[in-house]
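Colleague: Below you will find the structure I want to go over with you.
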Amino acid sequence: MSAPQIPSPSPAWPAPAELVREIVDDLNAAPVDLLSSGAGAGGGERRYLEMLGPHYVRTLDELQKILAARCPRPPSELRVLEVGSFLGVVCFALRKVGFQVTALDIPEFQNNPRLQERYRRAGIECVAANLKRRQLPFPNAHFDFVIMCETLEHLNFNPLPVIKELNRVTKPGGLLYLTVPNQLSANNRLRLLRGQAIQVTVEQFYQQLDLRLNMIVGLHWREYSKADLYELLEPMGFAVRSHYFFQEDKRYRYRRLKFSLKDLLGEFIPSFRPVHVVLAEKVAEDTHQFGETDALS
């Protein structure tokens with residue numbers, strides 16, 4: 001399925017590429033170093049931001065189209081939550097446009113005083129919460145729009161209580177924008193054919209516990225198929241309004257004669273592309289009663 005055709009955005013929005021470049025330049029000028037370990041200062045964060053730059057631009061371009069089409073009220077009247085905000089690029093961009101923005105991530109990141117000061121200056125609510133604790137610190141039906149990009153795959157525990165909480169804090173008719181790696185991507189299929197693991201490796205177990213590497217939540221514990229995402233969302237009060245597979249445009253590689261089989265497969269077979277992009281609407285309150293045992297905590 002191709003990307004949904006959404007009406008053109010309001011001209012009040014700055015160009016996403018300009019927004020991202022401005023925010024990334026500011027972060028590069030004064031690195032946050034999230035874990036205060038020295039690993040993120042300068043080079044590490046700079047490389048990460050440059051690598052994710054195109055993804056931020058695509059995300060903002062799509063968000064502005066969705067919000068213009070489905071949330072016609074002024075940005076100042078809309079509450080947006082980003083779950084897994086990390087360095088805050090999307091949050092800073094949405095705040096510049098005028099939305100009421102809340103950035104949520106784990107305490108190890110959000111308690112960083114340099115990041116907190118950035119959020120304070122921008123007028124962004126900074127909330128530290130571990131999703132494993134099951135309860136988000138927000139009232140019922142609080143947010144108009146919830147964003148969760150490249151976060152679900154990092155949860156090393158049962159995600160159903162998290163989806164339940166996202167439903168609880170979203171207003172009726174509110175939207176959930178979710179991106180997550182595709183478990184059935186060409187890259188994963190090719191790795192399996194070569195006899196390689198497609199999830200967390202033992203080497204990565206060591207990397208996660210090495211604070212010099214900033215890998216404390218960087219592992220993909222569970223990726224998802226399209227069917228998985230429908231099974232996660234629709235029984236829990238969300239209706240999937242659109243879904244498509246995304247892959248970054250890497251044609252610049254071909255000009256250098258560096259062909260990638262996985263990229264070529266993704267060009268012709270959408271379901272082989274590496275990322276799911278999902279827009280879901282809250283259509284009902286979730287009523288599941290989940291038990292909690294020592295084995296799950």
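Going by the structure tokens order, chains are called A, B, ..., each with residues numbered from 1, while ligands are numbered from 1 in the order shown.
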Neighbours of segment 233-240 of chain A within 10 Å (only C-alpha atoms; same-chain residues fewer than 4 positions away dropped), as a list in words?
Modeller: Leu160, Pro161, Ile163, Lys164, Glu165, Leu166, Asn167, Arg168, Pro172, Gly173, Gly174, Leu175, Leu176, Tyr177, Asp228, Leu229, Val278, Leu279, Ala280, Glu281, Lys282, Val283, Ala284, Glu285, Asp286, Thr287 and His288 of chain A
Colleague: Could you save those same residues with C-alpha atoms as a short mmCIF file (atom, residue, chain, number, x, y, z; two decimals), in the first residue's frame?
Modeller:
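What ended up in part.cif:
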data_model
loop_
_atom_site.label_atom_id
_atom_site.label_comp_id
_atom_site.auth_asym_id
_atom_site.auth_seq_id
_atom_site.Cartn_x
_atom_site.Cartn_y
_atom_site.Cartn_z
CA LEU A 160 0.08 -4.36 25.88
CA PRO A 161 -0.13 -2.27 29.09
CA ILE A 163 -0.89 0.47 24.43
CA LYS A 164 -3.63 0.49 27.06
CA GLU A 165 -2.11 3.58 28.66
CA LEU A 166 -1.78 5.33 25.30
CA ASN A 167 -5.47 4.69 24.78
CA ARG A 168 -6.32 6.04 28.23
CA PRO A 172 -11.87 10.13 22.00
CA GLY A 173 -11.24 10.69 18.32
CA GLY A 174 -7.61 11.54 19.07
CA LEU A 175 -4.81 10.20 16.91
CA LEU A 176 -1.82 7.90 17.46
CA TYR A 177 1.07 8.18 14.99
CA ASP A 228 1.08 -7.72 14.58
CA LEU A 229 0.37 -3.99 14.62
CA VAL A 278 0.70 3.80 11.11
CA LEU A 279 -2.00 6.36 11.85
CA ALA A 280 -4.66 5.14 14.27
CA GLU A 281 -7.70 6.83 15.81
CA LYS A 282 -9.05 6.22 19.29
CA VAL A 283 -12.59 4.93 18.75
CA ALA A 284 -13.25 3.25 22.11
CA GLU A 285 -11.97 2.99 25.67
CA ASP A 286 -9.87 -0.08 26.28
CA THR A 287 -11.46 -2.39 28.86
CA HIS A 288 -8.81 -5.11 29.23
#
Colleague: Determine which residues of segment 169-245 of chain A DSSP labels as helix (DSSP H, G or I) from the backbone of this structure, then write them out as a PyMOL selection string.
Modeller: chain A and resi 169+186-193+202-208+211-213+226-236
Colleague: Those selected residues, please, written with N, CA and C atoms and delivered as a PDB file, in the first residue's frame.
Modeller:
ATOM      1  N   VAL A 169      -4.826   7.927  27.803  1.00  0.00           N
ATOM      2  CA  VAL A 169      -4.472   9.352  27.841  1.00  0.00           C
ATOM      3  C   VAL A 169      -4.849  10.093  26.552  1.00  0.00           C
ATOM      4  N   ALA A 186      13.240  -6.795   4.006  1.00  0.00           N
ATOM      5  CA  ALA A 186      14.212  -7.512   3.178  1.00  0.00           C
ATOM      6  C   ALA A 186      15.493  -7.783   3.951  1.00  0.00           C
ATOM      7  N   ASN A 187      15.927  -6.819   4.738  1.00  0.00           N
ATOM      8  CA  ASN A 187      17.165  -6.993   5.493  1.00  0.00           C
ATOM      9  C   ASN A 187      17.053  -8.176   6.451  1.00  0.00           C
ATOM     10  N   ASN A 188      15.937  -8.275   7.172  1.00  0.00           N
ATOM     11  CA  ASN A 188      15.763  -9.388   8.098  1.00  0.00           C
ATOM     12  C   ASN A 188      15.650 -10.722   7.375  1.00  0.00           C
ATOM     13  N   ARG A 189      14.949 -10.745   6.253  1.00  0.00           N
ATOM     14  CA  ARG A 189      14.806 -11.982   5.492  1.00  0.00           C
ATOM     15  C   ARG A 189      16.175 -12.456   4.973  1.00  0.00           C
ATOM     16  N   LEU A 190      16.977 -11.499   4.503  1.00  0.00           N
ATOM     17  CA  LEU A 190      18.299 -11.865   3.991  1.00  0.00           C
ATOM     18  C   LEU A 190      19.213 -12.345   5.116  1.00  0.00           C
ATOM     19  N   ARG A 191      19.095 -11.728   6.286  1.00  0.00           N
ATOM     20  CA  ARG A 191      19.900 -12.166   7.427  1.00  0.00           C
ATOM     21  C   ARG A 191      19.542 -13.598   7.826  1.00  0.00           C
ATOM     22  N   LEU A 192      18.262 -13.904   7.832  1.00  0.00           N
ATOM     23  CA  LEU A 192      17.844 -15.264   8.164  1.00  0.00           C
ATOM     24  C   LEU A 192      18.381 -16.268   7.149  1.00  0.00           C
ATOM     25  N   LEU A 193      18.351 -15.890   5.872  1.00  0.00           N
ATOM     26  CA  LEU A 193      18.869 -16.787   4.840  1.00  0.00           C
ATOM     27  C   LEU A 193      20.358 -17.056   5.027  1.00  0.00           C
ATOM     28  N   VAL A 202      24.088 -11.463  21.327  1.00  0.00           N
ATOM     29  CA  VAL A 202      24.801 -11.531  22.608  1.00  0.00           C
ATOM     30  C   VAL A 202      25.795 -10.374  22.711  1.00  0.00           C
ATOM     31  N   GLU A 203      26.445 -10.033  21.611  1.00  0.00           N
ATOM     32  CA  GLU A 203      27.366  -8.891  21.618  1.00  0.00           C
ATOM     33  C   GLU A 203      26.655  -7.613  22.061  1.00  0.00           C
ATOM     34  N   GLN A 204      25.417  -7.448  21.622  1.00  0.00           N
ATOM     35  CA  GLN A 204      24.659  -6.255  22.012  1.00  0.00           C
ATOM     36  C   GLN A 204      24.268  -6.276  23.483  1.00  0.00           C
ATOM     37  N   PHE A 205      24.129  -7.472  24.072  1.00  0.00           N
ATOM     38  CA  PHE A 205      23.904  -7.540  25.515  1.00  0.00           C
ATOM     39  C   PHE A 205      25.043  -6.836  26.259  1.00  0.00           C
ATOM     40  N   TYR A 206      26.276  -7.101  25.830  1.00  0.00           N
ATOM     41  CA  TYR A 206      27.432  -6.457  26.447  1.00  0.00           C
ATOM     42  C   TYR A 206      27.408  -4.947  26.192  1.00  0.00           C
ATOM     43  N   GLN A 207      27.075  -4.548  24.982  1.00  0.00           N
ATOM     44  CA  GLN A 207      27.055  -3.127  24.643  1.00  0.00           C
ATOM     45  C   GLN A 207      26.033  -2.363  25.467  1.00  0.00           C
ATOM     46  N   GLN A 208      24.886  -2.985  25.743  1.00  0.00           N
ATOM     47  CA  GLN A 208      23.850  -2.306  26.503  1.00  0.00           C
ATOM     48  C   GLN A 208      24.322  -1.942  27.905  1.00  0.00           C
ATOM     49  N   LEU A 211      28.148   1.827  29.689  1.00  0.00           N
ATOM     50  CA  LEU A 211      27.599   3.185  29.674  1.00  0.00           C
ATOM     51  C   LEU A 211      28.351   4.114  28.742  1.00  0.00           C
ATOM     52  N   ARG A 212      29.544   3.739  28.327  1.00  0.00           N
ATOM     53  CA  ARG A 212      30.284   4.588  27.393  1.00  0.00           C
ATOM     54  C   ARG A 212      29.649   4.598  26.012  1.00  0.00           C
ATOM     55  N   LEU A 213      28.751   3.653  25.750  1.00  0.00           N
ATOM     56  CA  LEU A 213      28.183   3.509  24.413  1.00  0.00           C
ATOM     57  C   LEU A 213      26.775   4.085  24.273  1.00  0.00           C
ATOM     58  N   LYS A 226       3.026  -6.303   9.877  1.00  0.00           N
ATOM     59  CA  LYS A 226       1.804  -5.504   9.722  1.00  0.00           C
ATOM     60  C   LYS A 226       0.661  -6.124  10.512  1.00  0.00           C
ATOM     61  N   ALA A 227       0.517  -7.442  10.422  1.00  0.00           N
ATOM     62  CA  ALA A 227      -0.562  -8.118  11.155  1.00  0.00           C
ATOM     63  C   ALA A 227      -0.407  -7.915  12.661  1.00  0.00           C
ATOM     64  N   ASP A 228       0.833  -7.942  13.150  1.00  0.00           N
ATOM     65  CA  ASP A 228       1.082  -7.720  14.582  1.00  0.00           C
ATOM     66  C   ASP A 228       0.525  -6.368  15.029  1.00  0.00           C
ATOM     67  N   LEU A 229       0.764  -5.336  14.232  1.00  0.00           N
ATOM     68  CA  LEU A 229       0.366  -3.991  14.624  1.00  0.00           C
ATOM     69  C   LEU A 229      -1.154  -3.861  14.695  1.00  0.00           C
ATOM     70  N   TYR A 230      -1.847  -4.466  13.742  1.00  0.00           N
ATOM     71  CA  TYR A 230      -3.308  -4.459  13.804  1.00  0.00           C
ATOM     72  C   TYR A 230      -3.795  -5.203  15.056  1.00  0.00           C
ATOM     73  N   GLU A 231      -3.137  -6.333  15.391  1.00  0.00           N
ATOM     74  CA  GLU A 231      -3.532  -7.090  16.572  1.00  0.00           C
ATOM     75  C   GLU A 231      -3.218  -6.350  17.860  1.00  0.00           C
ATOM     76  N   LEU A 232      -2.182  -5.518  17.849  1.00  0.00           N
ATOM     77  CA  LEU A 232      -1.858  -4.715  19.024  1.00  0.00           C
ATOM     78  C   LEU A 232      -2.853  -3.588  19.236  1.00  0.00           C
ATOM     79  N   LEU A 233      -3.242  -2.927  18.162  1.00  0.00           N
ATOM     80  CA  LEU A 233      -3.990  -1.673  18.278  1.00  0.00           C
ATOM     81  C   LEU A 233      -5.506  -1.844  18.257  1.00  0.00           C
ATOM     82  N   GLU A 234      -6.027  -2.628  17.325  1.00  0.00           N
ATOM     83  CA  GLU A 234      -7.464  -2.617  17.112  1.00  0.00           C
ATOM     84  C   GLU A 234      -8.264  -3.250  18.257  1.00  0.00           C
ATOM     85  N   PRO A 235      -7.782  -4.326  18.929  1.00  0.00           N
ATOM     86  CA  PRO A 235      -8.545  -4.835  20.076  1.00  0.00           C
ATOM     87  C   PRO A 235      -8.482  -3.904  21.287  1.00  0.00           C
ATOM     88  N   MET A 236      -7.627  -2.873  21.235  1.00  0.00           N
ATOM     89  CA  MET A 236      -7.419  -2.006  22.397  1.00  0.00           C
ATOM     90  C   MET A 236      -7.951  -0.591  22.160  1.00  0.00           C
TER      91      MET A 236
END
Colleague: I'd like the contact shell of Cys91 of chain A - 7 Å cut-off, only C-alpha atoms, skipping same-chain residues fewer than 6 positions apart - returned as a list in words.
Modeller: Glu82, Val101 and Ala103 of chain A
Colleague: Find the spatial neighbours of Arg95 of chain A, counting only C-alpha atoms, within a cut-off of 10 Å - ignore same-chain residues fewer than 5 positions away - and output them as a JSON list (two decimals) with C-alpha atoms, in the first residue's frame.
Modeller:
[["chain", "number", "residue", "atom", "x", "y", "z"],
["A", 75, "PRO", "CA", -1.99, 24.48, 17.19],
["A", 76, "SER", "CA", -2.17, 26.36, 20.50],
["A", 80, "VAL", "CA", 0.69, 16.61, 21.66],
["A", 90, "VAL", "CA", 10.25, 16.47, 16.86],
["A", 100, "GLN", "CA", 1.29, 22.37, 23.46],
["A", 101, "VAL", "CA", 3.98, 19.70, 23.62],
["A", 102, "THR", "CA", 4.91, 17.10, 26.22],
["A", 119, "TYR", "CA", 12.78, 22.02, 27.15],
["A", 122, "ALA", "CA", 11.14, 26.13, 24.62],
["A", 123, "GLY", "CA", 8.03, 25.84, 26.79],
["A", 124, "ILE", "CA", 7.88, 22.04, 26.49]]
Colleague: In terms of the shortest atom-to-atom distance over only C-alpha atoms, which of A:Val277, A:Val200, A:Trp221, A:Gly88 is closest to Arg241 of chain A?
Modeller: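 Distance minimum relative to Arg241 of chain A lands on A:Val277.
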Colleague: If you run DSSP on this backbone, which residues of segment 135-194 of chain A come out as strand (DSSP E), and could you give them as a PyMOL selection string?
Modeller: chain A and resi 143-149+170-181
Colleague: Restricting it to N, CA and C atoms, dump the selection as a PDB file, in the first residue's frame.
Modeller:
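Listed below is the output, out-v3.pdb:
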ATOM      1  N   PHE A 143      -4.648  14.055  25.708  1.00  0.00           N
ATOM      2  CA  PHE A 143      -3.923  14.469  24.509  1.00  0.00           C
ATOM      3  C   PHE A 143      -4.766  14.290  23.245  1.00  0.00           C
ATOM      4  N   ASP A 144      -4.590  15.245  22.319  1.00  0.00           N
ATOM      5  CA  ASP A 144      -5.240  15.161  21.019  1.00  0.00           C
ATOM      6  C   ASP A 144      -4.454  14.279  20.056  1.00  0.00           C
ATOM      7  N   PHE A 145      -3.146  14.221  20.251  1.00  0.00           N
ATOM      8  CA  PHE A 145      -2.273  13.544  19.290  1.00  0.00           C
ATOM      9  C   PHE A 145      -1.110  12.935  20.056  1.00  0.00           C
ATOM     10  N   VAL A 146      -0.850  11.668  19.823  1.00  0.00           N
ATOM     11  CA  VAL A 146       0.263  10.968  20.470  1.00  0.00           C
ATOM     12  C   VAL A 146       1.202  10.452  19.382  1.00  0.00           C
ATOM     13  N   ILE A 147       2.494  10.684  19.568  1.00  0.00           N
ATOM     14  CA  ILE A 147       3.522  10.267  18.616  1.00  0.00           C
ATOM     15  C   ILE A 147       4.424   9.256  19.296  1.00  0.00           C
ATOM     16  N   MET A 148       4.693   8.165  18.619  1.00  0.00           N
ATOM     17  CA  MET A 148       5.603   7.142  19.156  1.00  0.00           C
ATOM     18  C   MET A 148       6.410   6.594  17.990  1.00  0.00           C
ATOM     19  N   CYS A 149       7.547   7.197  17.733  1.00  0.00           N
ATOM     20  CA  CYS A 149       8.371   6.838  16.578  1.00  0.00           C
ATOM     21  C   CYS A 149       9.600   6.044  17.008  1.00  0.00           C
ATOM     22  N   THR A 170      -5.322   9.352  25.534  1.00  0.00           N
ATOM     23  CA  THR A 170      -5.732   9.973  24.279  1.00  0.00           C
ATOM     24  C   THR A 170      -7.221  10.318  24.329  1.00  0.00           C
ATOM     25  N   LYS A 171      -7.570  11.483  23.817  1.00  0.00           N
ATOM     26  CA  LYS A 171      -8.972  11.885  23.770  1.00  0.00           C
ATOM     27  C   LYS A 171      -9.756  11.008  22.799  1.00  0.00           C
ATOM     28  N   PRO A 172     -11.052  10.811  23.015  1.00  0.00           N
ATOM     29  CA  PRO A 172     -11.870  10.128  22.004  1.00  0.00           C
ATOM     30  C   PRO A 172     -11.746  10.846  20.663  1.00  0.00           C
ATOM     31  N   GLY A 173     -11.461  10.089  19.622  1.00  0.00           N
ATOM     32  CA  GLY A 173     -11.235  10.689  18.317  1.00  0.00           C
ATOM     33  C   GLY A 173      -9.824  11.198  18.120  1.00  0.00           C
ATOM     34  N   GLY A 174      -9.000  11.131  19.172  1.00  0.00           N
ATOM     35  CA  GLY A 174      -7.606  11.544  19.068  1.00  0.00           C
ATOM     36  C   GLY A 174      -6.802  10.559  18.234  1.00  0.00           C
ATOM     37  N   LEU A 175      -5.607  10.964  17.852  1.00  0.00           N
ATOM     38  CA  LEU A 175      -4.811  10.199  16.907  1.00  0.00           C
ATOM     39  C   LEU A 175      -3.516   9.681  17.534  1.00  0.00           C
ATOM     40  N   LEU A 176      -3.105   8.497  17.092  1.00  0.00           N
ATOM     41  CA  LEU A 176      -1.818   7.899  17.459  1.00  0.00           C
ATOM     42  C   LEU A 176      -1.022   7.716  16.181  1.00  0.00           C
ATOM     43  N   TYR A 177       0.165   8.326  16.137  1.00  0.00           N
ATOM     44  CA  TYR A 177       1.067   8.182  14.994  1.00  0.00           C
ATOM     45  C   TYR A 177       2.216   7.302  15.449  1.00  0.00           C
ATOM     46  N   LEU A 178       2.376   6.164  14.794  1.00  0.00           N
ATOM     47  CA  LEU A 178       3.329   5.145  15.238  1.00  0.00           C
ATOM     48  C   LEU A 178       4.212   4.718  14.078  1.00  0.00           C
ATOM     49  N   THR A 179       5.519   4.707  14.312  1.00  0.00           N
ATOM     50  CA  THR A 179       6.430   4.082  13.349  1.00  0.00           C
ATOM     51  C   THR A 179       7.253   3.043  14.102  1.00  0.00           C
ATOM     52  N   VAL A 180       7.534   1.938  13.406  1.00  0.00           N
ATOM     53  CA  VAL A 180       8.245   0.835  14.048  1.00  0.00           C
ATOM     54  C   VAL A 180       8.905  -0.001  12.955  1.00  0.00           C
ATOM     55  N   PRO A 181      10.082  -0.568  13.226  1.00  0.00           N
ATOM     56  CA  PRO A 181      10.732  -1.403  12.210  1.00  0.00           C
ATOM     57  C   PRO A 181       9.884  -2.606  11.797  1.00  0.00           C
TER      58      PRO A 181
END
Colleague: Taking 2 positions as the minimum chain separation for residues in the same chain, which residues sit within 9 Å of Phe109 of chain A when counting only C-alpha atoms? Answer as a VMD selection string.
Modeller: chain A and resid 34 to 35 86 to 87 105 to 107 111 to 112 115 128
Colleague: With N, CA and C atoms kept, could you save the residues just selected as a short mmCIF file (atom, residue, chain, number, x, y, z; two decimals), in the first residue's frame?
Modeller:
data_model
loop_
_atom_site.label_atom_id
_atom_site.label_comp_id
_atom_site.auth_asym_id
_atom_site.auth_seq_id
_atom_site.Cartn_x
_atom_site.Cartn_y
_atom_site.Cartn_z
N LEU A 34 23.36 12.86 26.89
CA LEU A 34 22.23 12.44 27.70
C LEU A 34 22.60 11.72 28.99
N LEU A 35 23.56 10.81 28.93
CA LEU A 35 23.93 10.05 30.12
C LEU A 35 25.07 10.69 30.90
N PHE A 86 13.66 11.28 23.18
CA PHE A 86 15.12 11.27 23.07
C PHE A 86 15.68 12.69 23.13
N LEU A 87 16.32 13.18 22.07
CA LEU A 87 16.90 14.54 22.10
C LEU A 87 15.89 15.63 21.78
N ASP A 105 10.25 10.49 28.13
CA ASP A 105 11.26 9.46 27.92
C ASP A 105 11.69 8.94 29.28
N ILE A 106 12.62 7.99 29.28
CA ILE A 106 13.05 7.36 30.52
C ILE A 106 13.77 8.38 31.42
N PRO A 107 13.74 8.17 32.74
CA PRO A 107 14.40 9.11 33.65
C PRO A 107 15.88 9.29 33.35
N ASN A 111 16.11 13.30 33.02
CA ASN A 111 16.67 13.97 34.19
C ASN A 111 17.99 14.69 33.90
N ASN A 112 18.41 14.66 32.66
CA ASN A 112 19.62 15.39 32.26
C ASN A 112 19.35 16.89 32.37
N LEU A 115 19.23 18.89 29.02
CA LEU A 115 18.03 18.66 28.23
C LEU A 115 16.82 19.34 28.88
N ALA A 128 9.59 12.47 32.90
CA ALA A 128 10.40 11.26 32.99
C ALA A 128 9.51 10.12 33.46
#
Colleague: Which of these, A:Met51, A:Ile23, A:Met215, A:Ala15, has the shortest distance to Gln64 of chain A once you count only C-alpha atoms?
Modeller: A:Ala15
Colleague: Go through A:Leu104, A:Leu152, A:Leu78, A:Leu184 one by one, measure the shortest atom-to-atom distance of each to Gln116 of chain A using only C-alpha atoms, and give the residue with the smallest value.
Modeller: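 Among the listed residues, A:Leu104 lies closest to Gln116 of chain A.
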Colleague: With distances taken over only C-alpha atoms, which residue among A:Ala295, A:Trp13, A:Val127, A:Lys132 lies nearest Lys65 of chain A?
Modeller: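 Answer, going by the shortest atom-to-atom distance: A:Trp13.
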Colleague: Could you give me, as number ranges by chain, the residues within 10 Å of Ile269 of chain A, counting only C-alpha atoms and dropping anything in the same chain fewer than 3 positions from it?
Modeller: A: 1, 185-186, 245, 263-266, 272-273
Colleague: For Val32 of chain A, please output as a short mmCIF file (atom, residue, chain, number, x, y, z; two decimals) with N, CA and C atoms, in the first residue's frame all residues within 12 Å (counting only C-alpha atoms; exclusion window: fewer than 4 positions along the same chain).
Modeller:
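Below is the file that was written, result-v9.cif:
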data_model
loop_
_atom_site.label_atom_id
_atom_site.label_comp_id
_atom_site.auth_asym_id
_atom_site.auth_seq_id
_atom_site.Cartn_x
_atom_site.Cartn_y
_atom_site.Cartn_z
N VAL A 24 18.78 20.80 14.75
CA VAL A 24 19.99 19.97 14.79
C VAL A 24 21.24 20.83 14.94
N ASP A 26 21.44 23.63 16.47
CA ASP A 26 21.47 24.09 17.85
C ASP A 26 21.97 22.99 18.79
N LEU A 27 21.51 21.75 18.56
CA LEU A 27 21.97 20.63 19.38
C LEU A 27 23.44 20.33 19.15
N ASN A 28 23.89 20.47 17.91
CA ASN A 28 25.30 20.23 17.62
C ASN A 28 26.20 21.28 18.25
N SER A 36 25.51 11.88 30.46
CA SER A 36 26.62 12.58 31.12
C SER A 36 27.84 11.68 31.27
N SER A 37 28.05 10.84 30.24
CA SER A 37 29.16 9.89 30.28
C SER A 37 30.32 10.33 29.40
N GLY A 38 30.09 11.37 28.59
CA GLY A 38 31.09 11.79 27.63
C GLY A 38 30.92 11.12 26.28
N ALA A 39 30.15 10.01 26.25
CA ALA A 39 29.99 9.27 24.99
C ALA A 39 29.13 10.03 24.00
N GLY A 40 28.16 10.80 24.50
CA GLY A 40 27.26 11.49 23.59
C GLY A 40 27.73 12.87 23.21
N ALA A 41 28.71 13.39 23.89
CA ALA A 41 29.15 14.76 23.65
C ALA A 41 29.81 14.87 22.28
N GLY A 42 29.34 15.80 21.50
CA GLY A 42 29.98 16.06 20.21
C GLY A 42 29.72 14.97 19.20
N GLY A 43 30.72 14.15 18.94
CA GLY A 43 30.68 13.22 17.82
C GLY A 43 29.53 12.24 17.85
N GLY A 44 29.27 11.59 18.98
CA GLY A 44 28.23 10.57 19.04
C GLY A 44 26.85 11.12 18.72
N GLU A 45 26.48 12.19 19.39
CA GLU A 45 25.16 12.78 19.14
C GLU A 45 25.10 13.39 17.74
N ARG A 46 26.20 14.00 17.31
CA ARG A 46 26.21 14.60 15.98
C ARG A 46 25.97 13.54 14.90
N LEU A 49 22.27 12.43 14.98
CA LEU A 49 21.36 13.42 14.42
C LEU A 49 21.46 13.49 12.90
N PHE A 86 13.66 11.28 23.18
CA PHE A 86 15.12 11.27 23.07
C PHE A 86 15.68 12.69 23.13
N LEU A 87 16.32 13.18 22.07
CA LEU A 87 16.90 14.54 22.10
C LEU A 87 15.89 15.63 21.78
N GLY A 88 14.67 15.24 21.44
CA GLY A 88 13.60 16.22 21.34
C GLY A 88 13.43 16.93 20.02
N PHE A 109 17.32 9.70 30.68
CA PHE A 109 17.46 10.75 29.69
C PHE A 109 16.85 12.08 30.17
N GLN A 110 15.60 12.00 30.63
CA GLN A 110 14.86 13.23 30.93
C GLN A 110 15.40 13.97 32.15
N ASN A 111 16.11 13.30 33.02
CA ASN A 111 16.67 13.97 34.19
C ASN A 111 17.99 14.69 33.90
N ASN A 112 18.41 14.66 32.66
CA ASN A 112 19.62 15.39 32.26
C ASN A 112 19.35 16.89 32.37
N PRO A 113 20.10 17.63 33.17
CA PRO A 113 19.80 19.06 33.38
C PRO A 113 19.93 19.90 32.12
N ARG A 114 20.83 19.51 31.21
CA ARG A 114 20.98 20.29 29.97
C ARG A 114 19.75 20.12 29.07
N LEU A 115 19.23 18.89 29.02
CA LEU A 115 18.03 18.66 28.23
C LEU A 115 16.82 19.34 28.88
N GLN A 116 16.72 19.25 30.20
CA GLN A 116 15.62 19.90 30.90
C GLN A 116 15.61 21.41 30.64
N GLU A 117 16.79 22.01 30.64
CA GLU A 117 16.87 23.45 30.41
C GLU A 117 16.43 23.79 28.99
N ARG A 118 16.80 22.98 28.03
CA ARG A 118 16.35 23.21 26.64
C ARG A 118 14.82 23.16 26.56
N TYR A 119 14.24 22.14 27.17
CA TYR A 119 12.78 22.02 27.15
C TYR A 119 12.13 23.21 27.87
#
Colleague: Rank A:Tyr56, A:Tyr48, A:Phe99, A:Tyr224 by their smallest atom-to-atom distance to His154 of chain A, using only C-alpha atoms, and report the top residue only.
Modeller: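 Checking each candidate against His154 of chain A, we get A:Tyr224 as the closest.
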Colleague: Using only C-alpha atoms, find the one residue out of A:Arg194, A:His276, A:Arg134, A:Arg47 that sits nearest to Asn158 of chain A.
Modeller: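 So, comparing all the options, the nearest one is A:Arg134.
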